[in-house]
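One structure is given below, encoded as structure tokens.
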Amino acid sequence: MTFEVPNLAPALPEIVLLTLTSFLLIADTVWSKRCAHCTYWATQITLLVVGWLIVSSFTTQTVVTFDGSFVRDTLADVLKLFIVATSIGIFLFSREYLLQQRSYHGEFFVLGLYGVLGMFVMVSAYNLITLYLGLEIMSLALYAMIAMQRDSQKASEAAMKYFVLGALATGMMLYGMSMLYGATGTLELPKIAQVIASGHADQAVLAFSLVFIVIGLAFKLGAVPFHMWVPDVYHGAPTAMTLYLASAPKIAAFAMLYRLLWDGLQLALPDWQGMLIILSVLSLIVGTVIAVVQTNLKRLLAYSGISHMGFVLMGVAAGDAEGFAAAMFYIIIYAITSVAAFGMIIALARMGHEFDEIEDFKGLNQRNPWLAAMMLFIMFSMAGIPPFIGFWVKLAVIEAAVNAGLLWLAIVAVITAVIGAFYYLRVVKVMYFDTVEESKPAEPITRELGFAVSVVSGLLLILGLFPSWILDLCYRSLGVTVVG
Amino acid sequence: MLENYLPILVFVVLGILFGVGPIVVGYLLGPQKPDDEKLSPYECGFEAFEDARMKFDVRFYLVAILFIIFDLEIAFLFPWAVVLDEIGTFGLVSMAVFLALLVVGFIYEWRKGALEWE
Amino acid sequence: MSFEQLVFYAFAGISSLAALMMITVRNPVKAALWLVLTFISAAGVWLLAESEFLGLVLILVYVGAVMVLFLFVVMMLDINLAEMKEGFAQYAPVGALVALVVFGLIYLVVGPEHFGLDKTGLPVTHGPDYSNTKEIAVPLYTQHAYAFVLAAVLLLVGIVAAIALTLRRRGPRDALYQDIDAQVRVRAEDRLTMVKMAPEVEPDVSSKNEEEEGAK
């Protein structure tokens with residue numbers, strides 16, 4: 001038997017994250033009585049340490065270790081850095097929200113960190129088993145975090161729906177993966193690609209496994225027609241959880257999409273491209289049309305999230321590295337925008353009043369002009385109005401689709417983007433042109449939170465003014481040479 | 001390899017015969033004169049007051065789920081013990097890490113008081 | 001038909017039958033017991049496929065632990081499933097149709113055309129010294145050590161989630177029980193306060209006494 005002891009160095013961020021989180025889990029049982037905020041601060045420090053470790057060992061090569069089950073490349077490092085960055089934002093907002101709702105538990109942060117670990121594993125997975133395990137670690141942490149507000153019936157219902165449908169989706173995906181193993185006889189993604197290239201894989205079984213895998217992925221991304229859980233879960237979950245759910249895991253889901261469809265099944269492109277185009281068109285149309293009639297901001301953002309996933313899938317459906325780079329650009333910006341939007345709701349929420357109805361934003365300009373302006377930034381960016389970053393991401397994805405010859409898909413995307421602008425602008429109209437009779441104050445929970453919302457929203461404008469570096473980063477991490 | 005399991009199959013068949021046989025024999029040989037009163041449930045001669053089932057404390061669930069987790073851990077230990085001399089130091093260390101993580105979980109549940117009934 | 005095939009069909013038949021009973025039976029506790037039978041016969045099928053470790057783990061973990069959990073959950077909920085299933089039958093034709101279509105699709109793909117013996121070759125039979133446990137174990141703790149440790153993380157998250165969701169500090173009103181320690185330690189002065197009071201003097205004591213004496 002020949003077995004080499006694997007090189008642990010590339011996995012150092014994961015190892016450190018796991019060690020610190022496990023330490024935190026035990027430490028929290030001590031701290032929860034004396035120093036409740038220690039867990040929060042330790043969480044942020046953990047994330048900073050891990051982020052620093054990734055930056056300091058940033059790699060431009062592809063390193064594979066653990067006998068082909070772990071990969072570290074530029075894509076992995078970039079995605080992990082953005083996961084860490086959004087997670088820091090998530091925990092920052094969550095803490096104030098949980099304090100406000102009197103449901104502050106150290107477990108929230110510990111589970112959140114385990115969720116981040118699961119995302120890391122997904123991003124770096126190079127065989128089907130680790131991909132699946134990463135997904136499960138992340139999902140399990142998410143289910144538990146949503147259900148943690150046990151006295152809230154809505155949150156329990158949301159957790160239940162998410163759990164049942166999530167388990168179903170995982171089951172589908174696992175079935176597809178087992179089929180893929182049956183067709184190719186290997187678990188490692190690059191070897192799967194080799195087997196397909198050599199033509200030994202059974203085409204029918206391969207296509208069938210792809211159907212199941214794509215269904216599972218679509219469930220996790222919340223793409224139509226597998227989107228039913230998204231609005232209810234976003235609406236029912238505590239806002240801090242919605243914030244988590246709508247941001248960092250999406251980045252990890254993109255990584256899964258990339259690893260499976262590009263690293264493993266690149267040559268099966270004709271089989272999956274059609275499915276992704278259908279998912280993309282449906283998500284764009286259904287997400288946009290249903291969002292128009294929503295009165296609850298969280299539901300509105302859920303449906304708009306579905307249409308954003310349509311854009312991401314459009315980039316992926318382009319079926320080349322440029323399309324993946326555009327989709328990656330889109331999903332990273334979507335995660336940041338989500339942090340800003342749900343962060344805004346959290347900042348204005350009070351105990352017993354969620355501030356998540358569009359009505360609540362009525363006349364926000366009179367009550368708090370600064371926050372109204374920040375909300376304007378967020379909405380404009382989501383609508384894709386220049387010079388905000390949301391414009392550039394849409395442009396990149398549409399360009400990728402046109403270059404790949406999917407002109408009609410690009411046209412559908414532009415039309416839905418125009419319709420989408422309507423409901424984002426309606427929120428703006430409510431804030432600026434509607435007046436409230438009795439002017440209730442709309443102050444952020446704490447000064448720091450108002451500041452944090454401003455920073456994240458301002459980032460949307462600043463990134464929009466200088467979009468090239470982040471786009472460059474995406475292109476480079478996928479090995480695309482930038483043209484022009 | 002399968003021949004090793006023949007005795008177990010014999011046991012299974014014998015077990016089924018011993019379990020099912022007497023019931024079948026009793027059913028066939030015993031006199032059966034069912035009527036409504038005999039078949040209805042009763043408690044101490046009264047009509048049944050309510051359903052036999054009642055709500056359980058959620059703590060039973062917690063105990064069961066913690067049991068499952070450590071049961072799975074045991075399931076991983078068996079094959080490890082079988083091949084310990086083949087997998088070398090690395091195998092030893094990987095199991096040590098596995099156990100360490102579950103010990104972390106154990107300390108957590110202990111400190112949380114999940115192991116105490118009251 | 002060889003003896004092995006006979007045993008296989010026996011186990012597979014019991015397994016399918018028990019699964020069918022599990023989803024149609026009205027009493028949830030009975031359904032759980034049918035599921036146990038399904039698991040046990042599935043373990044038999046796995047044994048026949050020479051993966052005895054997986055078969056035994058199926059019995060150990062699923063029958064031993066997961067089914068206990070199922071029974072607890074069934075008892076905990078105290079819901080009448082028969083009531084919930086009312087009107088369920090009207091969906092039966094649609095369900096049967098969907099099941100048939102899915103079965104057909106899966107048969108087309110996983111059936112003999114793609115995984116028949118002519119494609120995969122006869123399964124290799126091993127001698128009496130062959131240990132499937134060893135075959136699984138060696139790669140599990142070496143090549144797949146990363147996945148193995150991740151499994152531990154998954155279990156750990158499971159522990160944290162279960163405790164965070166079900167463990168509730170009990171308030172004094174949730175469960176009433178005696179604290180014998182406190183009962184024994186109690187002292188009279190904790191419960192009983194002696195209050196000094198000035199004696200109340202009734203003014204016409206002497207006349208009362210006289211009346212009483214007079215009555216006698």
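Going through the structure tokens in order, the chains are called A, B, and so on, while each chain numbers its residues from 1 and the ligands are numbered from 1 in the order shown.
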
Distance table requested - chain C against chain B, cut-off 6 Å, only C-alpha atoms: one row per qualifying residue with the closest atom pair and its distance in Å to one decimal, ordered by chain and rising residue number, as CSV.
```
residue,atom,partner,partner_atom,distance
C:Ala65,CA,B:Ile68,CA,5.4
C:Leu69,CA,B:Ala64,CA,5.5
C:Met76,CA,B:Phe56,CA,4.3
C:Asp78,CA,B:Lys55,CA,5.4
C:His126,CA,B:Met1,CA,5.5
C:Gly127,CA,B:Met1,CA,5.0
C:Pro128,CA,B:Met1,CA,4.1
C:Thr133,CA,B:Pro79,CA,5.8
C:Ala137,CA,B:Pro79,CA,5.3
C:Tyr141,CA,B:Gly91,CA,5.2
C:Thr142,CA,B:Gly91,CA,5.9
C:Val149,CA,B:Phe98,CA,5.4
C:Ala152,CA,B:Phe98,CA,5.5
C:Leu156,CA,B:Gly105,CA,5.6
```

Distance filter 7 Å, only C-alpha atoms, chain C against chain A, as a PyMOL selection string: chain C and resi 109+143+146-147+150+154+157+161+164-165

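For the pair CA of Val10 (chain B) and CA of Thr38 (chain C), the separation is 19.5 Å.
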
Spatial neighbours of region 238-244 of chain A, 9 Å, only C-alpha atoms, chain gap at least 2 places, as an NGL selection string: :A and (86-87 or 90-91 or 93-95 or 97-98 or 112 or 142 or 145-146 or 149 or 152 or 154-155 or 233-236 or 246-249 or 298 or 338-343 or 345-346 or 354 or 356)

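As for CA of Leu17 (chain A) and CA of Val49 (chain A), they are spaced 8.5 Å apart.
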
Closest of A:Met228, A:Ala36, A:Val397, A:Cys474 to Leu75 (chain A) - atom-to-atom distances counting only C-alpha atoms: A:Cys474

Chain B: residues DSSP assigns to strand (DSSP E), reported as a PyMOL selection string: chain B and resi 42-43+46-47

Deliver the residues from the most recent selection as a file, using C-alpha atoms, as a CSV table (one decimal), in the first residue's frame.
```
chain,number,residue,atom,x,y,z
B,42,TYR,CA,-61.2,-1.6,28.3
B,43,GLU,CA,-59.6,-0.2,31.4
B,46,PHE,CA,-64.8,0.9,32.1
B,47,GLU,CA,-65.0,2.2,28.6
```

DSSP helix (DSSP H, G or I) residues within region 142-305 of chain A, as number ranges by chain: A: 142-147, 153-184, 189-198, 203-221, 229-236, 239-246, 248-264, 266-291, 297-305

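Interatomic distance, CA of Ala85 (chain A) against CA of Val456 (chain A): 11.2 Å.
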
Contact residues around region 442-446 of chain A with only C-alpha atoms at 10 Å, ignoring same-chain residues under 4 positions, as a ChimeraX atom specification: /A:96-97,100,344-350,355,360-361,364-369,371-372,450-453
